[in-house]
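> final_26.cif is the file, holding mmCIF, C-alpha atoms; chains and numbers go by the auth columns:
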data_input
#
loop_
_atom_site.group_PDB
_atom_site.id
_atom_site.type_symbol
_atom_site.label_atom_id
_atom_site.label_comp_id
_atom_site.label_asym_id
_atom_site.label_seq_id
_atom_site.Cartn_x
_atom_site.Cartn_y
_atom_site.Cartn_z
_atom_site.B_iso_or_equiv
_atom_site.auth_seq_id
_atom_site.auth_asym_id
ATOM 1 C CA ARG A 1 100.700 47.623 54.086 0.00 27 A
ATOM 2 C CA HIS A 2 104.404 47.150 53.463 0.00 28 A
ATOM 3 C CA PRO A 3 107.620 49.216 53.615 0.00 29 A
ATOM 4 C CA LEU A 4 106.866 50.836 50.231 0.00 30 A
ATOM 5 C CA LEU A 5 103.437 51.943 51.513 0.00 31 A
ATOM 6 C CA PRO A 6 103.784 52.199 55.302 0.00 32 A
ATOM 7 C CA GLN A 7 100.688 54.400 55.831 0.00 33 A
ATOM 8 C CA TRP A 8 102.044 55.961 59.025 0.00 34 A
ATOM 9 C CA ASP A 9 99.030 58.262 59.472 0.00 35 A
ATOM 10 C CA LEU A 10 96.644 55.317 59.303 0.00 36 A
ATOM 11 C CA VAL A 11 98.726 53.222 61.715 0.00 37 A
ATOM 12 C CA ASP A 12 98.929 56.096 64.207 0.00 38 A
ATOM 13 C CA TYR A 13 95.199 56.775 63.946 0.00 39 A
ATOM 14 C CA CYS A 14 94.299 53.122 64.508 0.00 40 A
ATOM 15 C CA HIS A 15 96.660 52.711 67.459 0.00 41 A
ATOM 16 C CA THR A 16 95.408 55.942 69.048 0.00 42 A
ATOM 17 C CA HIS A 17 91.765 54.844 68.752 0.00 43 A
ATOM 18 C CA GLY A 18 92.233 51.190 69.734 0.00 44 A
ATOM 19 C CA ILE A 19 91.524 49.912 66.221 0.00 45 A
ATOM 20 C CA ILE A 20 93.274 46.733 65.111 0.00 46 A
ATOM 21 C CA LEU A 21 94.777 47.371 61.694 0.00 47 A
ATOM 22 C CA GLN A 22 95.202 44.475 59.290 0.00 48 A
ATOM 23 C CA ALA A 23 97.773 44.620 56.514 0.00 49 A
ATOM 24 C CA HIS A 24 96.450 44.018 53.020 0.00 50 A
ATOM 25 C CA THR A 25 98.918 42.662 50.439 0.00 51 A
ATOM 26 C CA ALA A 26 101.707 42.642 53.032 0.00 52 A
ATOM 27 C CA LEU A 27 103.846 40.704 50.545 0.00 53 A
ATOM 28 C CA GLY A 28 103.011 43.006 47.641 0.00 54 A
ATOM 29 C CA GLN A 29 101.177 40.286 45.732 0.00 55 A
ATOM 30 C CA GLY A 30 104.594 38.727 45.083 0.00 56 A
ATOM 31 C CA LYS A 31 105.773 41.682 42.974 0.00 57 A
ATOM 32 C CA ASP A 32 109.501 42.230 42.469 0.00 58 A
ATOM 33 C CA GLU A 33 109.288 45.915 43.480 0.00 59 A
ATOM 34 C CA LEU A 34 108.857 44.723 47.058 0.00 60 A
ATOM 35 C CA LEU A 35 110.275 41.194 47.211 0.00 61 A
ATOM 36 C CA LYS A 36 113.485 42.167 45.402 0.00 62 A
ATOM 37 C CA HIS A 37 113.940 45.623 46.905 0.00 63 A
ATOM 38 C CA PRO A 38 117.689 45.872 47.646 0.00 64 A
ATOM 39 C CA THR A 39 117.312 47.101 51.237 0.00 65 A
ATOM 40 C CA ILE A 40 114.727 44.455 52.104 0.00 66 A
ATOM 41 C CA VAL A 41 116.705 41.625 50.493 0.00 67 A
ATOM 42 C CA SER A 42 120.045 42.587 52.067 0.00 68 A
ATOM 43 C CA THR A 43 118.459 43.036 55.502 0.00 69 A
ATOM 44 C CA ALA A 44 116.672 39.676 55.284 0.00 70 A
ATOM 45 C CA GLN A 45 119.937 37.983 54.285 0.00 71 A
ATOM 46 C CA GLU A 46 121.809 39.686 57.114 0.00 72 A
ATOM 47 C CA TYR A 47 119.330 38.277 59.661 0.00 73 A
ATOM 48 C CA ARG A 48 118.953 34.914 57.905 0.00 74 A
ATOM 49 C CA LEU A 49 115.254 35.380 57.207 0.00 75 A
ATOM 50 C CA SER A 50 113.341 34.989 53.996 0.00 76 A
ATOM 51 C CA VAL A 51 111.995 38.225 52.518 0.00 77 A
ATOM 52 C CA PRO A 52 108.369 37.204 53.259 0.00 78 A
ATOM 53 C CA ASP A 53 109.305 36.409 56.873 0.00 79 A
ATOM 54 C CA MET A 54 110.988 39.802 57.174 0.00 80 A
ATOM 55 C CA LEU A 55 107.945 41.613 55.775 0.00 81 A
ATOM 56 C CA LEU A 56 105.494 39.759 58.018 0.00 82 A
ATOM 57 C CA ARG A 57 107.603 40.472 61.079 0.00 83 A
ATOM 58 C CA TRP A 58 107.899 44.144 60.082 0.00 84 A
ATOM 59 C CA ASN A 59 104.109 44.514 60.216 0.00 85 A
ATOM 60 C CA LEU A 60 103.761 42.487 63.408 0.00 86 A
ATOM 61 C CA SER A 61 106.505 44.548 65.037 0.00 87 A
ATOM 62 C CA HIS A 62 104.429 47.651 64.259 0.00 88 A
ATOM 63 C CA GLY A 63 101.390 46.086 65.921 0.00 89 A
ATOM 64 C CA VAL A 64 99.654 45.432 62.599 0.00 90 A
ATOM 65 C CA ALA A 65 97.805 42.146 62.070 0.00 91 A
ATOM 66 C CA VAL A 66 98.695 40.143 58.980 0.00 92 A
ATOM 67 C CA VAL A 67 96.611 37.566 57.143 0.00 93 A
ATOM 68 C CA THR A 68 98.486 35.794 54.400 0.00 94 A
ATOM 69 C CA LYS A 69 97.313 33.832 51.422 0.00 95 A
ATOM 70 C CA CYS A 70 99.217 30.556 51.458 0.00 96 A
ATOM 71 C CA SER A 71 99.466 27.883 48.809 0.00 97 A
ATOM 72 C CA SER A 72 100.220 25.060 51.238 0.00 98 A
ATOM 73 C CA TYR A 73 99.635 24.016 54.820 0.00 99 A
ATOM 74 C CA GLU A 74 103.374 24.230 55.538 0.00 100 A
ATOM 75 C CA ARG A 75 103.540 27.871 54.426 0.00 101 A
ATOM 76 C CA GLN A 76 100.388 28.707 56.348 0.00 102 A
ATOM 77 C CA LYS A 77 101.854 27.126 59.481 0.00 103 A
ATOM 78 C CA ALA A 78 105.175 28.941 59.044 0.00 104 A
ATOM 79 C CA ALA A 79 103.394 32.293 58.571 0.00 105 A
ATOM 80 C CA GLY A 80 101.417 31.683 61.741 0.00 106 A
ATOM 81 C CA GLU A 81 104.593 31.105 63.723 0.00 107 A
ATOM 82 C CA GLN A 82 105.904 34.653 63.204 0.00 108 A
ATOM 83 C CA LYS A 83 106.087 35.638 66.866 0.00 109 A
ATOM 84 C CA HIS A 84 109.403 37.425 67.153 0.00 110 A
ATOM 85 C CA ARG A 85 109.725 41.150 66.705 0.00 111 A
ATOM 86 C CA LEU A 86 112.517 42.590 64.621 0.00 112 A
ATOM 87 C CA PRO A 87 115.345 44.462 66.364 0.00 113 A
ATOM 88 C CA ALA A 88 115.090 48.277 66.419 0.00 114 A
ATOM 89 C CA SER A 89 118.005 48.616 63.968 0.00 115 A
ATOM 90 C CA VAL A 90 116.168 46.485 61.396 0.00 116 A
ATOM 91 C CA MET A 91 112.918 48.360 61.935 0.00 117 A
ATOM 92 C CA GLU A 92 114.685 51.680 61.372 0.00 118 A
ATOM 93 C CA LYS A 93 116.238 50.414 58.153 0.00 119 A
ATOM 94 C CA LEU A 94 112.930 49.068 56.787 0.00 120 A
ATOM 95 C CA ASP A 95 110.948 52.082 58.006 0.00 121 A
ATOM 96 C CA SER A 96 113.315 54.417 56.154 0.00 122 A
ATOM 97 C CA ILE A 97 112.254 52.870 52.830 0.00 123 A
ATOM 98 C CA GLY A 98 108.790 54.397 53.228 0.00 124 A
ATOM 99 C CA TYR A 99 110.232 57.819 53.976 0.00 125 A
ATOM 100 C CA ASP A 100 112.719 57.726 51.113 0.00 126 A
ATOM 101 C CA SER A 101 110.508 56.499 48.279 0.00 127 A
ATOM 102 C CA LYS A 102 107.253 57.336 46.568 0.00 128 A
ATOM 103 C CA PRO A 103 104.314 55.337 47.993 0.00 129 A
ATOM 104 C CA TYR A 104 103.724 52.187 45.950 0.00 130 A
ATOM 105 C CA ARG A 105 100.331 50.493 45.818 0.00 131 A
ATOM 106 C CA PHE A 106 99.968 46.989 44.459 0.00 132 A
ATOM 107 C CA VAL A 107 96.164 47.217 44.475 0.00 133 A
ATOM 108 C CA ASN A 108 94.932 50.394 42.795 0.00 134 A
ATOM 109 C CA VAL A 109 91.225 50.689 43.292 0.00 135 A
ATOM 110 C CA PRO A 110 90.007 54.290 42.691 0.00 136 A
ATOM 111 C CA PHE A 111 87.967 54.572 45.897 0.00 137 A
ATOM 112 C CA MET A 112 91.052 53.756 47.938 0.00 138 A
ATOM 113 C CA TYR A 113 93.153 56.738 46.912 0.00 139 A
ATOM 114 C CA ARG A 114 90.828 59.562 45.906 0.00 140 A
ATOM 115 C CA PRO A 115 91.425 62.826 47.816 0.00 141 A
ATOM 116 C CA GLY A 116 90.088 62.547 51.345 0.00 142 A
ATOM 117 C CA ALA A 117 89.740 58.753 51.290 0.00 143 A
ATOM 118 C CA PRO A 118 90.832 57.086 54.514 0.00 144 A
ATOM 119 C CA TYR A 119 93.410 55.002 52.628 0.00 145 A
ATOM 120 C CA SER A 120 95.087 57.877 50.825 0.00 146 A
ATOM 121 C CA TRP A 121 98.597 58.817 51.922 0.00 147 A
ATOM 122 C CA GLY A 122 99.197 62.254 53.330 0.00 148 A
ATOM 123 C CA ASN A 123 95.621 62.280 54.534 0.00 149 A
ATOM 124 C CA THR A 124 94.824 63.597 57.973 0.00 150 A
ATOM 125 C CA PHE A 125 92.056 61.865 59.828 0.00 151 A
ATOM 126 C CA GLN A 126 89.180 63.742 61.367 0.00 152 A
ATOM 127 C CA LYS A 127 86.504 62.669 63.805 0.00 153 A
#
So, in terms of structure tokens, how does the structure I just supplied come out?

Amino acid sequence: RHPLLPQWDLVDYCHTHGIILQAHTALGQGKDELLKHPTIVSTAQEYRLSVPDMLLRWNLSHGVAVVTKCSSYERQKAAGEQKHRLPASVMEKLDSIGYDSKPYRFVNVPFMYRPGAPYSWGNTFQK
């Protein structure tokens, strides 16, 4: 889960039913489409955060758990210290990316996006 694939329906469903949602590939597997997105980069620079910090805080601010893959203890420790929520103005700016662009998946496994799958966008959830 990231600003290019916000999965609002899934987030709402999980929050409504008391399910803890965990972001998968919150940093887009390091792909430029996410880490060099102009809105994300300029917003991170404006708030003096790294792009990964901004993306982790975006998920946490939405009440979504994040588990990161880290190459060093220092990075793991820094990722674990993401406690501060982003201001509403930043959230609005990052949230708008998901509304203004086509959903972008970094992991394309067929079972995840077939019609009616719980991970497909535009899907409505049923009991």
> Name the closest residue to His41 (chain A) among the candidates A:Gln55, A:Leu75, A:Ser68, A:Ala91; distances are taken between atoms, counting only C-alpha atoms.
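Among the listed residues, A:Ala91 lies closest to His41 (chain A).
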> For the structure shown, which residues end up in the PyMOL selection byres ((chain A and resi 52) around 9)? Put them as a PyMOL selection string, please?
chain A and resi 27-29+49-51+53-55+78+81-82+85+92-94
> If you measure from CA of Lys119 (chain A) to CA of Thr65 (chain A), what distance in Å do you get, rounded to one decimal?
7.7 Å
> Which residues fall under the PyMOL selection byres ((chain A and resi 37) around 10) in this file, as an MDAnalysis selection string?
chainID A and resid 27 32:36 38:42 45:48 88:90
> Those selected residues, please, written with C-alpha atoms and delivered as a PDB file, keeping the file's coordinate frame.

ATOM      1  CA  ARG A  27     100.700  47.623  54.086  1.00  0.00           C
ATOM      2  CA  PRO A  32     103.784  52.199  55.302  1.00  0.00           C
ATOM      3  CA  GLN A  33     100.688  54.400  55.831  1.00  0.00           C
ATOM      4  CA  TRP A  34     102.044  55.961  59.025  1.00  0.00           C
ATOM      5  CA  ASP A  35      99.030  58.262  59.472  1.00  0.00           C
ATOM      6  CA  LEU A  36      96.644  55.317  59.303  1.00  0.00           C
ATOM      7  CA  ASP A  38      98.929  56.096  64.207  1.00  0.00           C
ATOM      8  CA  TYR A  39      95.199  56.775  63.946  1.00  0.00           C
ATOM      9  CA  CYS A  40      94.299  53.122  64.508  1.00  0.00           C
ATOM     10  CA  HIS A  41      96.660  52.711  67.459  1.00  0.00           C
ATOM     11  CA  THR A  42      95.408  55.942  69.048  1.00  0.00           C
ATOM     12  CA  ILE A  45      91.524  49.912  66.221  1.00  0.00           C
ATOM     13  CA  ILE A  46      93.274  46.733  65.111  1.00  0.00           C
ATOM     14  CA  LEU A  47      94.777  47.371  61.694  1.00  0.00           C
ATOM     15  CA  GLN A  48      95.202  44.475  59.290  1.00  0.00           C
ATOM     16  CA  HIS A  88     104.429  47.651  64.259  1.00  0.00           C
ATOM     17  CA  GLY A  89     101.390  46.086  65.921  1.00  0.00           C
ATOM     18  CA  VAL A  90      99.654  45.432  62.599  1.00  0.00           C
TER      19      VAL A  90
END
> Ranking A:Tyr73, A:Lys95, A:His43, A:Leu60 by minimum distance to Leu31 (chain A) and counting only C-alpha atoms, which one comes first?
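Among A:Tyr73, A:Lys95, A:His43, A:Leu60, it is A:Leu60 that comes nearest to Leu31 (chain A).
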> Record the distance separating CA of Leu120 (chain A) and CA of Ile66 (chain A), expressed in Å with one decimal.
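CA of Ile66 (chain A) lies at a distance of 6.8 Å from CA of Leu120 (chain A).
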> At a cut-off of 9 Å, using all atoms listed in the file, what residues contact Lys62 (chain A)? Leave out same-chain residues fewer than 5 positions from it and give the result as a list in words.
Lys57, Val67 and Val77 of chain A
> Could you write out as AutoDock Vina command-line options the box around region 81-94 of chain A (axis-aligned, all atoms listed in the file, 3 Å on each side), with centre and edge lengths in Å to one decimal?

--center_x 102.3 --center_y 41.7 --center_z 60.2 --size_x 17.3 --size_y 17.9 --size_z 17.5
> Counting all atoms listed in the file, what is within 9 Å of Val116 (chain A), bar same-chain residues fewer than 5 positions away, as a ChimeraX atom specification?
/A:69,73,84,121
> Selection from above, C-alpha atoms, as a CSV table (one decimal), in the coordinates of the input, can you write it?

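Output (again05.csv):
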chain,number,residue,atom,x,y,z
A,69,THR,CA,118.5,43.0,55.5
A,73,TYR,CA,119.3,38.3,59.7
A,84,TRP,CA,107.9,44.1,60.1
A,121,ASP,CA,110.9,52.1,58.0
> Which value, in Å to one decimal, gives the distance between CA of Leu30 (chain A) and CA of Ile123 (chain A)?
6.3 Å
> Can you give me N, CA and C atoms for region 58-88 of chain A, written as a PDB file, keeping the file's coordinate frame?

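And here's out-v2.pdb as it stands now:
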ATOM      1  N   ASP A  58     108.066  42.016  42.294  1.00  0.00           N
ATOM      2  CA  ASP A  58     109.501  42.230  42.469  1.00  0.00           C
ATOM      3  C   ASP A  58     109.833  43.565  43.132  1.00  0.00           C
ATOM      4  N   GLU A  59     109.000  44.607  42.900  1.00  0.00           N
ATOM      5  CA  GLU A  59     109.288  45.915  43.480  1.00  0.00           C
ATOM      6  C   GLU A  59     109.461  45.831  44.996  1.00  0.00           C
ATOM      7  N   LEU A  60     108.754  44.906  45.613  1.00  0.00           N
ATOM      8  CA  LEU A  60     108.857  44.723  47.058  1.00  0.00           C
ATOM      9  C   LEU A  60     109.779  43.561  47.409  1.00  0.00           C
ATOM     10  N   LEU A  61     109.537  42.395  46.825  1.00  0.00           N
ATOM     11  CA  LEU A  61     110.275  41.194  47.211  1.00  0.00           C
ATOM     12  C   LEU A  61     111.738  41.202  46.776  1.00  0.00           C
ATOM     13  N   LYS A  62     112.085  42.076  45.835  1.00  0.00           N
ATOM     14  CA  LYS A  62     113.485  42.167  45.402  1.00  0.00           C
ATOM     15  C   LYS A  62     114.075  43.546  45.672  1.00  0.00           C
ATOM     16  N   HIS A  63     113.416  44.308  46.541  1.00  0.00           N
ATOM     17  CA  HIS A  63     113.940  45.623  46.905  1.00  0.00           C
ATOM     18  C   HIS A  63     115.297  45.421  47.585  1.00  0.00           C
ATOM     19  N   PRO A  64     116.333  46.125  47.140  1.00  0.00           N
ATOM     20  CA  PRO A  64     117.689  45.872  47.646  1.00  0.00           C
ATOM     21  C   PRO A  64     117.821  45.966  49.175  1.00  0.00           C
ATOM     22  N   THR A  65     117.204  46.950  49.783  1.00  0.00           N
ATOM     23  CA  THR A  65     117.312  47.101  51.237  1.00  0.00           C
ATOM     24  C   THR A  65     116.624  45.953  51.962  1.00  0.00           C
ATOM     25  N   ILE A  66     115.464  45.550  51.471  1.00  0.00           N
ATOM     26  CA  ILE A  66     114.727  44.455  52.104  1.00  0.00           C
ATOM     27  C   ILE A  66     115.486  43.142  51.953  1.00  0.00           C
ATOM     28  N   VAL A  67     115.978  42.879  50.752  1.00  0.00           N
ATOM     29  CA  VAL A  67     116.705  41.625  50.493  1.00  0.00           C
ATOM     30  C   VAL A  67     117.984  41.554  51.321  1.00  0.00           C
ATOM     31  N   SER A  68     118.770  42.626  51.322  1.00  0.00           N
ATOM     32  CA  SER A  68     120.045  42.587  52.067  1.00  0.00           C
ATOM     33  C   SER A  68     119.805  42.469  53.573  1.00  0.00           C
ATOM     34  N   THR A  69     118.765  43.120  54.075  1.00  0.00           N
ATOM     35  CA  THR A  69     118.459  43.036  55.502  1.00  0.00           C
ATOM     36  C   THR A  69     117.985  41.630  55.870  1.00  0.00           C
ATOM     37  N   ALA A  70     117.142  41.044  55.032  1.00  0.00           N
ATOM     38  CA  ALA A  70     116.672  39.676  55.284  1.00  0.00           C
ATOM     39  C   ALA A  70     117.851  38.705  55.290  1.00  0.00           C
ATOM     40  N   GLN A  71     118.767  38.859  54.339  1.00  0.00           N
ATOM     41  CA  GLN A  71     119.937  37.983  54.285  1.00  0.00           C
ATOM     42  C   GLN A  71     120.817  38.165  55.517  1.00  0.00           C
ATOM     43  N   GLU A  72     120.983  39.395  55.944  1.00  0.00           N
ATOM     44  CA  GLU A  72     121.809  39.686  57.114  1.00  0.00           C
ATOM     45  C   GLU A  72     121.269  38.985  58.363  1.00  0.00           C
ATOM     46  N   TYR A  73     119.954  38.896  58.480  1.00  0.00           N
ATOM     47  CA  TYR A  73     119.330  38.277  59.661  1.00  0.00           C
ATOM     48  C   TYR A  73     118.866  36.843  59.403  1.00  0.00           C
ATOM     49  N   ARG A  74     119.262  36.310  58.261  1.00  0.00           N
ATOM     50  CA  ARG A  74     118.953  34.914  57.905  1.00  0.00           C
ATOM     51  C   ARG A  74     117.456  34.622  57.938  1.00  0.00           C
ATOM     52  N   LEU A  75     116.701  35.544  57.345  1.00  0.00           N
ATOM     53  CA  LEU A  75     115.254  35.380  57.207  1.00  0.00           C
ATOM     54  C   LEU A  75     114.915  35.432  55.735  1.00  0.00           C
ATOM     55  N   SER A  76     113.818  34.810  55.367  1.00  0.00           N
ATOM     56  CA  SER A  76     113.341  34.989  53.996  1.00  0.00           C
ATOM     57  C   SER A  76     112.719  36.377  53.908  1.00  0.00           C
ATOM     58  N   VAL A  77     112.616  36.910  52.709  1.00  0.00           N
ATOM     59  CA  VAL A  77     111.995  38.225  52.518  1.00  0.00           C
ATOM     60  C   VAL A  77     110.549  38.216  53.027  1.00  0.00           C
ATOM     61  N   PRO A  78     109.731  37.209  52.693  1.00  0.00           N
ATOM     62  CA  PRO A  78     108.369  37.204  53.259  1.00  0.00           C
ATOM     63  C   PRO A  78     108.351  37.190  54.788  1.00  0.00           C
ATOM     64  N   ASP A  79     109.233  36.414  55.408  1.00  0.00           N
ATOM     65  CA  ASP A  79     109.305  36.409  56.873  1.00  0.00           C
ATOM     66  C   ASP A  79     109.637  37.807  57.401  1.00  0.00           C
ATOM     67  N   MET A  80     110.582  38.461  56.755  1.00  0.00           N
ATOM     68  CA  MET A  80     110.988  39.802  57.174  1.00  0.00           C
ATOM     69  C   MET A  80     109.809  40.766  57.075  1.00  0.00           C
ATOM     70  N   LEU A  81     109.071  40.696  55.973  1.00  0.00           N
ATOM     71  CA  LEU A  81     107.945  41.613  55.775  1.00  0.00           C
ATOM     72  C   LEU A  81     106.806  41.345  56.756  1.00  0.00           C
ATOM     73  N   LEU A  82     106.532  40.085  57.038  1.00  0.00           N
ATOM     74  CA  LEU A  82     105.494  39.759  58.018  1.00  0.00           C
ATOM     75  C   LEU A  82     105.900  40.257  59.402  1.00  0.00           C
ATOM     76  N   ARG A  83     107.130  40.025  59.769  1.00  0.00           N
ATOM     77  CA  ARG A  83     107.603  40.472  61.079  1.00  0.00           C
ATOM     78  C   ARG A  83     107.627  41.992  61.181  1.00  0.00           C
ATOM     79  N   TRP A  84     107.902  42.675  60.074  1.00  0.00           N
ATOM     80  CA  TRP A  84     107.899  44.144  60.082  1.00  0.00           C
ATOM     81  C   TRP A  84     106.507  44.651  60.482  1.00  0.00           C
ATOM     82  N   ASN A  85     105.465  44.106  59.854  1.00  0.00           N
ATOM     83  CA  ASN A  85     104.109  44.514  60.216  1.00  0.00           C
ATOM     84  C   ASN A  85     103.782  44.150  61.656  1.00  0.00           C
ATOM     85  N   LEU A  86     104.068  42.925  62.045  1.00  0.00           N
ATOM     86  CA  LEU A  86     103.761  42.487  63.408  1.00  0.00           C
ATOM     87  C   LEU A  86     104.502  43.336  64.439  1.00  0.00           C
ATOM     88  N   SER A  87     105.728  43.715  64.127  1.00  0.00           N
ATOM     89  CA  SER A  87     106.505  44.548  65.037  1.00  0.00           C
ATOM     90  C   SER A  87     105.912  45.941  65.182  1.00  0.00           C
ATOM     91  N   HIS A  88     105.137  46.363  64.197  1.00  0.00           N
ATOM     92  CA  HIS A  88     104.429  47.651  64.259  1.00  0.00           C
ATOM     93  C   HIS A  88     103.033  47.493  64.854  1.00  0.00           C
TER      94      HIS A  88
END
